[in-house]
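As stored in coords33.cif (mmCIF, C-alpha atoms):
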data_protein
loop_
_atom_site.label_atom_id
_atom_site.label_comp_id
_atom_site.auth_asym_id
_atom_site.auth_seq_id
_atom_site.Cartn_x
_atom_site.Cartn_y
_atom_site.Cartn_z
CA MET A 1 -5.18 -34.68 40.41
CA PRO A 2 -6.81 -36.22 37.33
CA ILE A 3 -8.59 -33.78 35.04
CA ALA A 4 -11.97 -35.45 35.56
CA GLU A 5 -11.68 -34.97 39.35
CA GLN A 6 -10.61 -31.35 38.98
CA GLN A 7 -13.69 -30.80 36.90
CA THR A 8 -15.98 -32.50 39.40
CA SER A 9 -14.67 -30.53 42.37
CA SER A 10 -14.88 -27.20 40.55
CA GLU A 11 -18.38 -27.99 39.30
CA ALA A 12 -19.41 -28.15 42.93
CA ALA A 13 -18.08 -24.64 43.49
CA GLN A 14 -20.14 -22.76 40.88
CA THR A 15 -18.87 -19.21 41.12
CA SER A 16 -17.94 -16.40 38.76
CA SER A 17 -14.31 -17.44 39.15
CA ASP A 18 -15.37 -20.87 37.93
CA THR A 19 -12.30 -22.78 36.83
CA SER A 20 -14.19 -25.76 35.43
CA TRP A 21 -13.93 -26.27 31.67
CA HIS A 22 -17.42 -24.89 31.14
CA GLY A 23 -16.80 -21.93 33.43
CA ILE A 24 -13.72 -21.03 31.41
CA VAL A 25 -15.60 -21.39 28.10
CA LEU A 26 -18.39 -19.14 29.37
CA GLN A 27 -16.01 -16.45 30.58
CA THR A 28 -13.99 -16.62 27.36
CA LEU A 29 -17.14 -16.19 25.27
CA LYS A 30 -18.13 -13.19 27.38
CA ARG A 31 -14.71 -11.58 27.25
CA ASN A 32 -14.82 -11.82 23.45
CA GLU A 33 -18.33 -10.32 23.32
CA ILE A 34 -19.90 -13.47 21.97
CA SER A 35 -23.47 -13.15 23.19
CA LEU A 36 -25.50 -15.31 20.80
CA VAL A 37 -25.11 -19.04 21.41
CA PRO A 38 -27.50 -21.40 19.62
CA TYR A 39 -26.91 -25.09 20.21
CA VAL A 40 -28.06 -28.63 19.64
CA PRO A 41 -27.61 -30.16 23.08
CA ASP A 42 -25.20 -32.83 24.22
CA ARG A 43 -24.97 -34.47 27.64
CA VAL A 44 -21.41 -33.24 28.21
CA LEU A 45 -22.37 -29.66 27.29
CA THR A 46 -25.25 -29.59 29.77
CA PRO A 47 -23.53 -27.55 32.55
CA LEU A 48 -22.32 -25.00 29.97
CA ILE A 49 -25.77 -24.73 28.41
CA LYS A 50 -27.39 -24.38 31.83
CA ASN A 51 -25.03 -21.59 32.86
CA LEU A 52 -25.43 -19.76 29.54
CA HIS A 53 -29.20 -19.77 30.08
CA ALA A 54 -28.71 -18.45 33.62
CA ASP A 55 -26.57 -15.50 32.46
CA PRO A 56 -28.55 -12.59 30.96
CA PHE A 57 -25.52 -11.57 28.89
CA PHE A 58 -26.24 -14.48 26.59
CA THR A 59 -29.04 -15.18 24.16
CA THR A 60 -28.93 -18.95 24.03
CA PHE A 61 -31.45 -21.40 22.63
CA ALA A 62 -31.78 -24.81 21.00
CA THR A 63 -32.13 -25.17 17.24
CA ALA A 64 -33.55 -28.17 15.42
CA ARG A 65 -30.37 -28.75 13.42
CA GLU A 66 -26.77 -27.63 13.66
CA GLU A 67 -26.75 -26.01 10.21
CA GLU A 68 -29.69 -23.89 11.30
CA ALA A 69 -27.54 -22.61 14.16
CA VAL A 70 -24.71 -21.90 11.70
CA GLY A 71 -27.14 -19.87 9.56
CA ILE A 72 -28.27 -17.89 12.61
CA VAL A 73 -24.79 -16.93 13.83
CA SER A 74 -23.73 -16.13 10.25
CA GLY A 75 -26.63 -13.71 9.88
CA ALA A 76 -25.95 -12.26 13.31
CA TRP A 77 -22.29 -11.66 12.53
CA MET A 78 -23.19 -9.80 9.33
CA GLY A 79 -25.56 -7.74 11.48
CA GLY A 80 -22.78 -6.91 13.92
CA ARG A 81 -23.38 -9.42 16.70
CA ARG A 82 -20.99 -12.22 17.55
CA GLY A 83 -22.11 -15.79 18.08
CA ALA A 84 -20.85 -19.32 18.59
CA VAL A 85 -22.47 -22.71 17.99
CA LEU A 86 -22.38 -25.63 20.45
CA MET A 87 -22.81 -29.16 19.15
CA GLN A 88 -21.76 -32.78 19.40
CA THR A 89 -19.52 -34.67 16.97
CA SER A 90 -22.51 -36.22 15.21
CA GLY A 91 -23.93 -32.73 14.69
CA PHE A 92 -20.71 -31.51 13.15
CA ALA A 93 -21.06 -34.34 10.63
CA THR A 94 -24.16 -32.61 9.21
CA LEU A 95 -22.28 -29.38 8.44
CA ALA A 96 -20.08 -30.05 5.38
CA ASN A 97 -22.48 -28.31 3.00
CA VAL A 98 -23.01 -25.16 5.05
CA LEU A 99 -19.29 -24.85 5.78
CA ALA A 100 -18.40 -25.15 2.10
CA SER A 101 -21.23 -22.98 0.75
CA LEU A 102 -21.70 -20.31 3.44
CA ALA A 103 -19.08 -19.97 6.17
CA VAL A 104 -15.94 -20.44 4.07
CA PRO A 105 -16.78 -18.71 0.76
CA TYR A 106 -18.47 -15.73 2.47
CA GLN A 107 -15.56 -15.47 4.94
CA ILE A 108 -17.62 -15.73 8.10
CA PRO A 109 -15.81 -16.24 11.43
CA LEU A 110 -17.93 -19.17 12.49
CA ILE A 111 -16.94 -20.28 15.99
CA MET A 112 -17.84 -23.89 16.77
CA PHE A 113 -17.50 -25.76 20.05
CA VAL A 114 -17.77 -29.49 19.44
CA SER A 115 -18.21 -31.91 22.32
CA GLU A 116 -16.23 -34.90 21.16
CA ARG A 117 -17.89 -38.27 21.31
CA GLY A 118 -16.68 -41.41 19.61
CA THR A 119 -13.32 -41.74 21.33
CA LEU A 120 -11.72 -42.55 24.72
CA GLY A 121 -14.41 -44.85 25.98
CA GLU A 122 -17.18 -44.57 23.41
CA PHE A 123 -19.85 -47.27 23.80
CA ASN A 124 -21.88 -46.53 20.65
CA TYR A 125 -20.27 -47.82 17.45
CA GLY A 126 -22.07 -45.23 15.31
CA GLN A 127 -20.64 -42.43 17.41
CA SER A 128 -17.12 -43.78 17.05
CA LEU A 129 -17.52 -43.94 13.27
CA VAL A 130 -19.02 -40.48 12.83
CA CYS A 131 -16.22 -39.03 14.98
CA ARG A 132 -13.70 -40.25 12.41
CA THR A 133 -15.33 -38.09 9.71
CA MET A 134 -14.86 -34.83 11.63
CA ARG A 135 -11.18 -34.02 11.22
CA PRO A 136 -11.00 -35.13 7.56
CA VAL A 137 -13.89 -32.75 6.79
CA LEU A 138 -12.19 -29.90 8.67
CA ASP A 139 -8.87 -30.65 6.95
CA SER A 140 -10.46 -30.95 3.50
CA LEU A 141 -11.54 -27.31 3.80
CA ALA A 142 -8.27 -26.33 5.49
CA LEU A 143 -10.21 -25.10 8.50
CA GLU A 144 -8.48 -24.20 11.74
CA HIS A 145 -9.28 -26.67 14.49
CA HIS A 146 -7.90 -27.57 17.88
CA THR A 147 -8.56 -30.56 20.09
CA ILE A 148 -8.52 -29.35 23.67
CA THR A 149 -7.46 -32.00 26.19
CA ARG A 150 -6.07 -29.95 29.10
CA LEU A 151 -7.81 -27.55 31.42
CA ASP A 152 -4.68 -25.39 31.73
CA GLU A 153 -4.61 -24.87 27.95
CA LEU A 154 -8.32 -24.26 27.41
CA GLU A 155 -8.47 -20.53 27.99
CA PHE A 156 -5.41 -19.81 25.86
CA ILE A 157 -6.60 -21.94 22.95
CA ALA A 158 -10.21 -20.74 23.06
CA ASP A 159 -9.40 -17.05 23.53
CA ARG A 160 -6.68 -16.96 20.85
CA SER A 161 -8.76 -19.02 18.42
CA ILE A 162 -11.80 -16.77 18.74
CA LYS A 163 -9.67 -13.68 18.16
CA GLN A 164 -7.99 -15.33 15.16
CA ALA A 165 -11.35 -16.36 13.68
CA VAL A 166 -12.67 -12.80 13.94
CA THR A 167 -9.57 -11.05 12.62
CA THR A 168 -8.95 -13.49 9.76
CA GLN A 169 -12.68 -13.92 9.01
CA ALA A 170 -12.35 -17.69 9.02
CA PRO A 171 -14.21 -20.47 10.85
CA VAL A 172 -12.68 -22.37 13.74
CA ALA A 173 -13.67 -25.61 15.45
CA LEU A 174 -12.74 -26.10 19.10
CA ILE A 175 -13.06 -29.79 19.87
CA LEU A 176 -13.70 -30.51 23.55
CA ASN A 177 -12.03 -33.87 24.16
CA PRO A 178 -13.11 -36.29 26.93
CA LEU A 179 -9.72 -35.67 28.62
CA LEU A 180 -10.99 -32.13 29.23
CA THR A 181 -14.68 -32.72 29.91
CA GLY A 182 -14.78 -36.26 31.27
CA GLY A 183 -16.83 -37.27 28.24
CA LYS A 184 -19.84 -39.53 28.32
CA VAL A 185 -19.39 -43.05 29.63
CA PHE A 186 -21.53 -46.15 29.55
CA ASN A 187 -23.94 -46.58 32.43
CA LYS A 188 -27.15 -48.43 32.06
CA MET B 1 -55.42 -16.07 8.97
CA ASN B 2 -55.98 -17.25 5.42
CA THR B 3 -55.06 -20.93 5.26
CA ASP B 4 -56.87 -21.76 2.04
CA ALA B 5 -54.33 -22.27 -0.74
CA ARG B 6 -56.92 -23.26 -3.34
CA ASN B 7 -58.50 -19.83 -3.63
CA THR B 8 -55.22 -18.02 -4.05
CA LYS B 9 -54.11 -16.57 -7.36
CA VAL B 10 -51.02 -17.98 -9.00
CA MET B 11 -48.60 -15.05 -9.05
CA ASN B 12 -45.10 -14.50 -10.39
CA ARG B 13 -41.97 -14.52 -8.24
CA PHE B 14 -40.25 -11.57 -9.93
CA ASP B 15 -43.42 -9.49 -9.84
CA VAL B 16 -44.09 -10.24 -6.17
CA THR B 17 -40.44 -9.61 -5.24
CA SER B 18 -40.50 -6.28 -7.08
CA ARG B 19 -43.64 -5.30 -5.19
CA LEU B 20 -41.92 -6.08 -1.89
CA ILE B 21 -38.81 -4.07 -2.78
CA ALA B 22 -40.97 -1.10 -3.86
CA LYS B 23 -42.46 -1.00 -0.36
CA LEU B 24 -39.11 -0.81 1.47
CA GLU B 25 -38.30 2.70 2.67
CA HIS B 26 -36.24 2.16 5.81
CA GLU B 27 -33.21 0.16 4.65
CA GLU B 28 -34.89 -3.09 5.56
CA ALA B 29 -32.67 -6.16 5.20
CA VAL B 30 -33.72 -8.78 2.64
CA ILE B 31 -32.26 -12.29 2.57
CA GLY B 32 -32.71 -14.12 -0.73
CA GLY B 33 -32.75 -17.93 -0.60
CA ILE B 34 -30.80 -20.16 -2.96
CA GLY B 35 -31.55 -20.17 -6.70
CA ASN B 36 -34.44 -18.40 -8.41
CA THR B 37 -35.49 -16.70 -5.18
CA ASN B 38 -32.31 -14.62 -4.99
CA PHE B 39 -32.02 -14.32 -8.78
CA ASP B 40 -35.34 -12.46 -8.77
CA LEU B 41 -34.25 -10.42 -5.74
CA TRP B 42 -31.15 -9.41 -7.70
CA ALA B 43 -33.24 -8.66 -10.80
CA ALA B 44 -35.64 -6.51 -8.78
CA GLY B 45 -32.73 -4.09 -8.28
CA HIS B 46 -29.65 -4.57 -6.16
CA ARG B 47 -29.63 -2.75 -2.85
CA PRO B 48 -26.89 -2.86 -0.20
CA GLN B 49 -29.29 -4.35 2.32
CA ASN B 50 -29.81 -7.45 0.16
CA PHE B 51 -28.03 -10.72 0.93
CA TYR B 52 -27.88 -13.39 -1.75
CA MET B 53 -27.34 -17.06 -0.88
CA LEU B 54 -25.23 -19.13 -3.26
CA GLY B 55 -25.70 -22.42 -1.43
CA SER B 56 -26.73 -23.67 2.02
CA MET B 57 -30.23 -24.49 0.78
CA GLY B 58 -32.87 -23.90 3.42
CA LEU B 59 -31.01 -21.34 5.50
CA ALA B 60 -32.64 -18.10 4.36
CA PHE B 61 -34.88 -17.96 7.45
CA PRO B 62 -32.12 -18.86 9.94
CA ILE B 63 -29.76 -16.26 8.39
CA ALA B 64 -32.56 -13.67 8.54
CA LEU B 65 -33.24 -14.64 12.16
CA GLY B 66 -29.60 -13.95 12.97
CA VAL B 67 -29.78 -10.51 11.35
CA ALA B 68 -33.04 -9.82 13.20
CA LEU B 69 -31.48 -10.76 16.55
CA ALA B 70 -28.41 -8.63 15.85
CA GLN B 71 -30.41 -5.57 14.78
CA PRO B 72 -33.78 -5.60 16.53
CA GLU B 73 -34.61 -2.08 15.30
CA ARG B 74 -34.32 -3.05 11.63
CA ARG B 75 -37.05 -4.89 9.75
CA VAL B 76 -35.75 -8.08 8.16
CA PHE B 77 -37.40 -9.93 5.27
CA ALA B 78 -36.47 -13.40 4.07
CA LEU B 79 -37.48 -14.87 0.73
CA GLU B 80 -37.48 -18.65 0.49
CA GLY B 81 -38.73 -21.27 -1.94
CA ASP B 82 -41.03 -24.07 -0.86
CA GLY B 83 -38.41 -26.72 -1.68
CA SER B 84 -35.82 -24.89 0.40
CA LEU B 85 -38.17 -24.47 3.34
CA LEU B 86 -38.91 -28.21 3.33
CA MET B 87 -35.21 -28.78 4.05
CA GLN B 88 -35.35 -26.81 7.29
CA LEU B 89 -38.88 -26.90 8.71
CA GLY B 90 -37.50 -26.95 12.25
CA ALA B 91 -36.39 -23.34 11.74
CA LEU B 92 -40.04 -22.28 11.85
CA SER B 93 -40.36 -23.52 15.44
CA THR B 94 -37.09 -21.86 16.46
CA ILE B 95 -38.41 -18.55 15.12
CA ALA B 96 -41.80 -19.10 16.76
CA ALA B 97 -40.07 -19.73 20.10
CA LEU B 98 -37.88 -16.61 19.88
CA LYS B 99 -40.68 -14.37 18.49
CA PRO B 100 -38.54 -11.71 16.77
CA LYS B 101 -41.12 -9.08 15.90
CA ASN B 102 -38.92 -7.57 13.18
CA LEU B 103 -38.79 -10.71 11.01
CA THR B 104 -41.04 -11.41 8.02
CA MET B 105 -40.77 -14.67 6.10
CA ILE B 106 -42.04 -14.94 2.54
CA VAL B 107 -42.42 -18.37 0.95
CA MET B 108 -42.58 -18.64 -2.84
CA ASP B 109 -44.54 -21.84 -3.42
CA ASN B 110 -44.70 -23.37 -6.89
CA GLY B 111 -44.64 -26.98 -5.71
CA ILE B 112 -41.58 -27.75 -7.85
CA TYR B 113 -37.83 -27.69 -7.90
CA GLN B 114 -37.96 -25.33 -10.88
CA ILE B 115 -34.23 -24.86 -11.26
CA THR B 116 -33.36 -28.57 -11.42
CA GLY B 117 -35.99 -29.50 -14.00
CA ALA B 118 -39.36 -28.75 -12.40
CA GLN B 119 -39.66 -31.98 -10.43
CA PRO B 120 -42.55 -31.80 -7.93
CA THR B 121 -41.60 -31.43 -4.28
CA PRO B 122 -42.76 -34.15 -1.88
CA ALA B 123 -45.12 -31.59 -0.35
CA ALA B 124 -46.67 -30.42 -3.62
CA LYS B 125 -49.90 -32.39 -3.51
CA VAL B 126 -50.24 -33.08 0.17
CA ALA B 127 -48.98 -30.30 2.43
CA ASP B 128 -49.97 -26.69 3.10
CA ILE B 129 -47.13 -24.27 3.91
CA VAL B 130 -49.30 -21.97 6.00
CA ALA B 131 -50.74 -24.88 7.97
CA ILE B 132 -47.18 -26.11 8.61
CA ALA B 133 -46.13 -22.63 9.75
CA THR B 134 -49.16 -22.22 11.98
CA GLY B 135 -48.60 -25.67 13.43
CA SER B 136 -44.99 -24.71 14.08
CA GLY B 137 -46.16 -21.88 16.28
CA LEU B 138 -46.18 -18.99 13.79
CA ALA B 139 -49.76 -17.80 14.31
CA ASN B 140 -49.28 -14.77 12.09
CA SER B 141 -49.09 -16.80 8.85
CA ALA B 142 -51.28 -16.39 5.79
CA TRP B 143 -51.63 -17.13 2.11
CA ALA B 144 -51.63 -14.04 -0.10
CA ALA B 145 -54.82 -14.20 -2.16
CA ASP B 146 -53.46 -11.98 -4.93
CA GLU B 147 -50.89 -9.22 -5.49
CA GLU B 148 -52.94 -6.61 -3.69
CA ASP B 149 -53.39 -8.92 -0.73
CA PHE B 150 -49.64 -9.61 -0.73
CA GLU B 151 -48.92 -5.89 -0.49
CA ARG B 152 -51.45 -5.54 2.32
CA LEU B 153 -49.83 -8.42 4.22
CA VAL B 154 -46.38 -6.85 3.79
CA GLU B 155 -47.70 -3.57 5.20
CA GLU B 156 -49.21 -5.42 8.16
CA ALA B 157 -45.93 -7.23 8.75
CA MET B 158 -44.09 -3.87 8.86
CA SER B 159 -45.81 -3.00 12.13
CA ALA B 160 -46.42 -6.49 13.49
CA THR B 161 -45.49 -7.35 17.05
CA GLU B 162 -44.64 -10.95 16.22
CA PRO B 163 -42.92 -12.69 13.32
CA SER B 164 -44.99 -12.91 10.13
CA LEU B 165 -45.06 -15.50 7.36
CA ILE B 166 -46.60 -14.79 3.97
CA ALA B 167 -47.03 -17.66 1.52
CA VAL B 168 -47.42 -16.90 -2.16
CA ARG B 169 -48.45 -19.35 -4.85
CA ILE B 170 -46.24 -18.70 -7.84
CA ASP B 171 -45.95 -19.98 -11.40
CA ASP B 172 -43.23 -22.23 -12.81
CA LYS B 173 -41.19 -19.45 -14.46
CA PRO B 174 -37.43 -19.33 -13.87
CA GLY B 175 -35.77 -16.33 -12.25
CA VAL B 176 -35.43 -13.18 -14.38
CA GLY B 177 -31.80 -12.35 -13.60
CA ALA B 178 -28.71 -14.09 -12.32
CA THR B 179 -26.92 -12.93 -9.18
CA ARG B 180 -23.23 -12.12 -9.56
CA ARG B 181 -21.67 -15.03 -7.73
CA ASP B 182 -19.08 -13.22 -5.64
CA PRO B 183 -19.73 -14.30 -2.04
CA VAL B 184 -17.15 -12.06 -0.37
CA GLN B 185 -18.45 -8.95 -2.14
CA ILE B 186 -22.04 -9.94 -1.39
CA ARG B 187 -21.26 -10.32 2.31
CA GLU B 188 -19.13 -7.19 2.54
CA ARG B 189 -21.69 -5.02 0.72
CA PHE B 190 -24.42 -6.39 2.95
CA MET B 191 -22.43 -5.44 6.06
CA HIS B 192 -21.97 -1.93 4.66
CA GLY B 193 -25.69 -1.81 3.95
CA LEU B 194 -26.46 -2.76 7.54
CA GLY B 195 -24.10 -0.12 8.89
CA VAL B 196 -21.81 -2.69 10.50
CA ARG B 197 -18.75 -1.65 8.48
CA GLU B 198 -17.45 1.20 6.38
CA PRO B 199 -15.86 0.53 2.98
CA LEU B 200 -12.04 0.62 2.96
#
Here is a file; write its structure as structure tokens.
Amino acid sequence: MPIAEQQTSSEAAQTSSDTSWHGIVLQTLKRNEISLVPYVPDRVLTPLIKNLHADPFFTTFATAREEEAVGIVSGAWMGGRRGAVLMQTSGFATLANVLASLAVPYQIPLIMFVSERGTLGEFNYGQSLVCRTMRPVLDSLALEHHTITRLDELEFIADRSIKQAVTTQAPVALILNPLLTGGKVFNK
Amino acid sequence: MNTDARNTKVMNRFDVTSRLIAKLEHEEAVIGGIGNTNFDLWAAGHRPQNFYMLGSMGLAFPIALGVALAQPERRVFALEGDGSLLMQLGALSTIAALKPKNLTMIVMDNGIYQITGAQPTPAAKVADIVAIATGSGLANSAWAADEEDFERLVEEAMSATEPSLIAVRIDDKPGVGATRRDPVQIRERFMHGLGVREPL
């Protein structure tokens, strides 16, 4: 069964044993005691954001900019509380300065989930261009990043990456590819 | 709420920062924004509960918000320049929406980018920091009329039930000290100071 269909059918069955991509992300965050989740929203992230709001374990809220969210989870981590930031590709493109001047030099395990736009059916030229800046920026700072395309690999990659970020005190970007999420497609 | 900037005394950043530090008796966290703001925090006397920013201009309030959300029983102060705040005005609304009662924001307003050559900020002649904060949803925002008023506002903030913002008009003097630029030590010491970690 194609990934997109798997996702659709499991979305319909919202339960605690949710095996949709967003259900797995939520459970993986919880298992790793990540309770603070600021975000700048994205259409693809909507079911995840909705379920985070519905779960009292999480403190989740929108910020005006992605770097603001990075500042918040950085402060929280220094205060002993774990967080993760949700954003879209275009939001990641605003982060080079805060990555290079806060997260990396201060050795903060910044955990980023990036909904990937700009590829596999993008309809907005600007989105496809900004997407191409993401991996070069991550690579220029030698940051760990993974592009997640398969539902059966999501939990392993997310869980291991979060643990590695915390134990090595280094940021990680988990890029949620349209092959995993279905992405956003053109419909007028 | 005092929203009248014109009747406020022009104070000095180091003096005001020293007055704040002298009032801290409960291991309150203090986040110092980029540049002169954290240089004067450093010069006022290093304490393990101080965090000094060496970049990421505009993020003093968001970092302080994160600390405040992680440790709701600890009072958290953030010191930010007017130029820095202008980079991240949206953070004021985020804080207003979350209402952390243990967070106090202090804005050092000299209307210039002192450290880069004293160029005026775009807001210098036209905008009012306290009006911006109030309009962003931070009702408990005020200009400090003078040093005594600043100390009174800090005392009020210590027992406030909502986030507080204190704006201070300051002169064009540079910072008194210079923070030791060792980000890993700064972060590690801060975490010790907050009781999150023990030294090796």
Practice task
May I have the residues within 8 Å of Leu92 of chain B as a list in words, using all atoms listed in the file and disregarding those fewer than 2 positions away in the same chain?
Solution key: Gln88, Leu89, Gly90, Thr94, Ile95, Ala96, Ala133, Ser136, Gly137 and Leu138 of chain B
Could you save the residues just selected, with C-alpha atoms, as a CSV table (one decimal), keeping the file's coordinate frame?
chain,number,residue,atom,x,y,z
B,88,GLN,CA,-35.4,-26.8,7.3
B,89,LEU,CA,-38.9,-26.9,8.7
B,90,GLY,CA,-37.5,-27.0,12.2
B,94,THR,CA,-37.1,-21.9,16.5
B,95,ILE,CA,-38.4,-18.6,15.1
B,96,ALA,CA,-41.8,-19.1,16.8
B,133,ALA,CA,-46.1,-22.6,9.8
B,136,SER,CA,-45.0,-24.7,14.1
B,137,GLY,CA,-46.2,-21.9,16.3
B,138,LEU,CA,-46.2,-19.0,13.8
Handout entry: Spatial neighbours of segment 45-51 of chain A, 12 Å, only C-alpha atoms, chain gap at least 2 places, as a VMD selection string
Key = chain A and resid 7 to 8 10 to 12 14 to 16 18 20 to 27 29 37 to 43 53 to 62 85 to 89 113 to 117 175 to 178 180 to 184
Handout entry: Nearest-residue call for Ser140 of chain A, choices A:Thr167, A:Ala100, A:Thr119, A:Ser128, using all atoms listed in the file
Key =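 Of A:Thr167, A:Ala100, A:Thr119, A:Ser128, the one nearest Ser140 of chain A is A:Ala100, counting all atoms listed in the file.
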Practice task
List the residues matched by the PyMOL selection byres ((chain A) within 10 of (chain B)) in the displayed structure as a PyMOL selection string, ordered by chain and then by residue number.
Solution key: chain A and resi 35-36+59+61-65+67-83+95-108
How about saving the chosen residues, C-alpha atoms kept, as a short mmCIF file (atom, residue, chain, number, x, y, z; two decimals), in the frame of the given file?
data_model
loop_
_atom_site.label_atom_id
_atom_site.label_comp_id
_atom_site.auth_asym_id
_atom_site.auth_seq_id
_atom_site.Cartn_x
_atom_site.Cartn_y
_atom_site.Cartn_z
CA SER A 35 -23.47 -13.15 23.19
CA LEU A 36 -25.50 -15.31 20.80
CA THR A 59 -29.04 -15.18 24.16
CA PHE A 61 -31.45 -21.40 22.63
CA ALA A 62 -31.78 -24.81 21.00
CA THR A 63 -32.13 -25.17 17.24
CA ALA A 64 -33.55 -28.17 15.42
CA ARG A 65 -30.37 -28.75 13.42
CA GLU A 67 -26.75 -26.01 10.21
CA GLU A 68 -29.69 -23.89 11.30
CA ALA A 69 -27.54 -22.61 14.16
CA VAL A 70 -24.71 -21.90 11.70
CA GLY A 71 -27.14 -19.87 9.56
CA ILE A 72 -28.27 -17.89 12.61
CA VAL A 73 -24.79 -16.93 13.83
CA SER A 74 -23.73 -16.13 10.25
CA GLY A 75 -26.63 -13.71 9.88
CA ALA A 76 -25.95 -12.26 13.31
CA TRP A 77 -22.29 -11.66 12.53
CA MET A 78 -23.19 -9.80 9.33
CA GLY A 79 -25.56 -7.74 11.48
CA GLY A 80 -22.78 -6.91 13.92
CA ARG A 81 -23.38 -9.42 16.70
CA ARG A 82 -20.99 -12.22 17.55
CA GLY A 83 -22.11 -15.79 18.08
CA LEU A 95 -22.28 -29.38 8.44
CA ALA A 96 -20.08 -30.05 5.38
CA ASN A 97 -22.48 -28.31 3.00
CA VAL A 98 -23.01 -25.16 5.05
CA LEU A 99 -19.29 -24.85 5.78
CA ALA A 100 -18.40 -25.15 2.10
CA SER A 101 -21.23 -22.98 0.75
CA LEU A 102 -21.70 -20.31 3.44
CA ALA A 103 -19.08 -19.97 6.17
CA VAL A 104 -15.94 -20.44 4.07
CA PRO A 105 -16.78 -18.71 0.76
CA TYR A 106 -18.47 -15.73 2.47
CA GLN A 107 -15.56 -15.47 4.94
CA ILE A 108 -17.62 -15.73 8.10
#
Problem - Residues in the PyMOL selection byres ((chain B and resi 153-166) around 7), expressed as a list in words - result: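 Answer for the PyMOL selection byres ((chain B and resi 153-166) around 7): Lys99, Pro100, Lys101, Asn102, Leu103, Thr104, Met105, Ile106, Val107, Asn140, Ser141, Ala142, Trp143, Ala144, Asp149, Phe150, Glu151, Arg152, Ala167 and Val168 of chain B.
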Pull out every residue that the PyMOL selection byres ((chain B and resi 27) around 10) matches in the shown coordinates and put them as an mmCIF file with C-alpha atoms, in the frame of the given file.
data_model
loop_
_atom_site.group_PDB
_atom_site.id
_atom_site.type_symbol
_atom_site.label_atom_id
_atom_site.label_comp_id
_atom_site.auth_asym_id
_atom_site.auth_seq_id
_atom_site.Cartn_x
_atom_site.Cartn_y
_atom_site.Cartn_z
ATOM 1 C CA LEU B 24 -39.110 -0.810 1.470
ATOM 2 C CA GLU B 25 -38.300 2.700 2.670
ATOM 3 C CA HIS B 26 -36.240 2.160 5.810
ATOM 4 C CA GLU B 28 -34.890 -3.090 5.560
ATOM 5 C CA ALA B 29 -32.670 -6.160 5.200
ATOM 6 C CA VAL B 30 -33.720 -8.780 2.640
ATOM 7 C CA ARG B 47 -29.630 -2.750 -2.850
ATOM 8 C CA PRO B 48 -26.890 -2.860 -0.200
ATOM 9 C CA GLN B 49 -29.290 -4.350 2.320
ATOM 10 C CA ASN B 50 -29.810 -7.450 0.160
ATOM 11 C CA ARG B 74 -34.320 -3.050 11.630
ATOM 12 C CA ARG B 75 -37.050 -4.890 9.750
ATOM 13 C CA VAL B 76 -35.750 -8.080 8.160
ATOM 14 C CA GLY B 193 -25.690 -1.810 3.950
ATOM 15 C CA LEU B 194 -26.460 -2.760 7.540
#
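The smallest atom-to-atom distance between Pro171 of chain A and any of A:Gly126, A:Ala142, A:Arg31, A:Glu66, using only C-alpha atoms, is found for A:Ala142.
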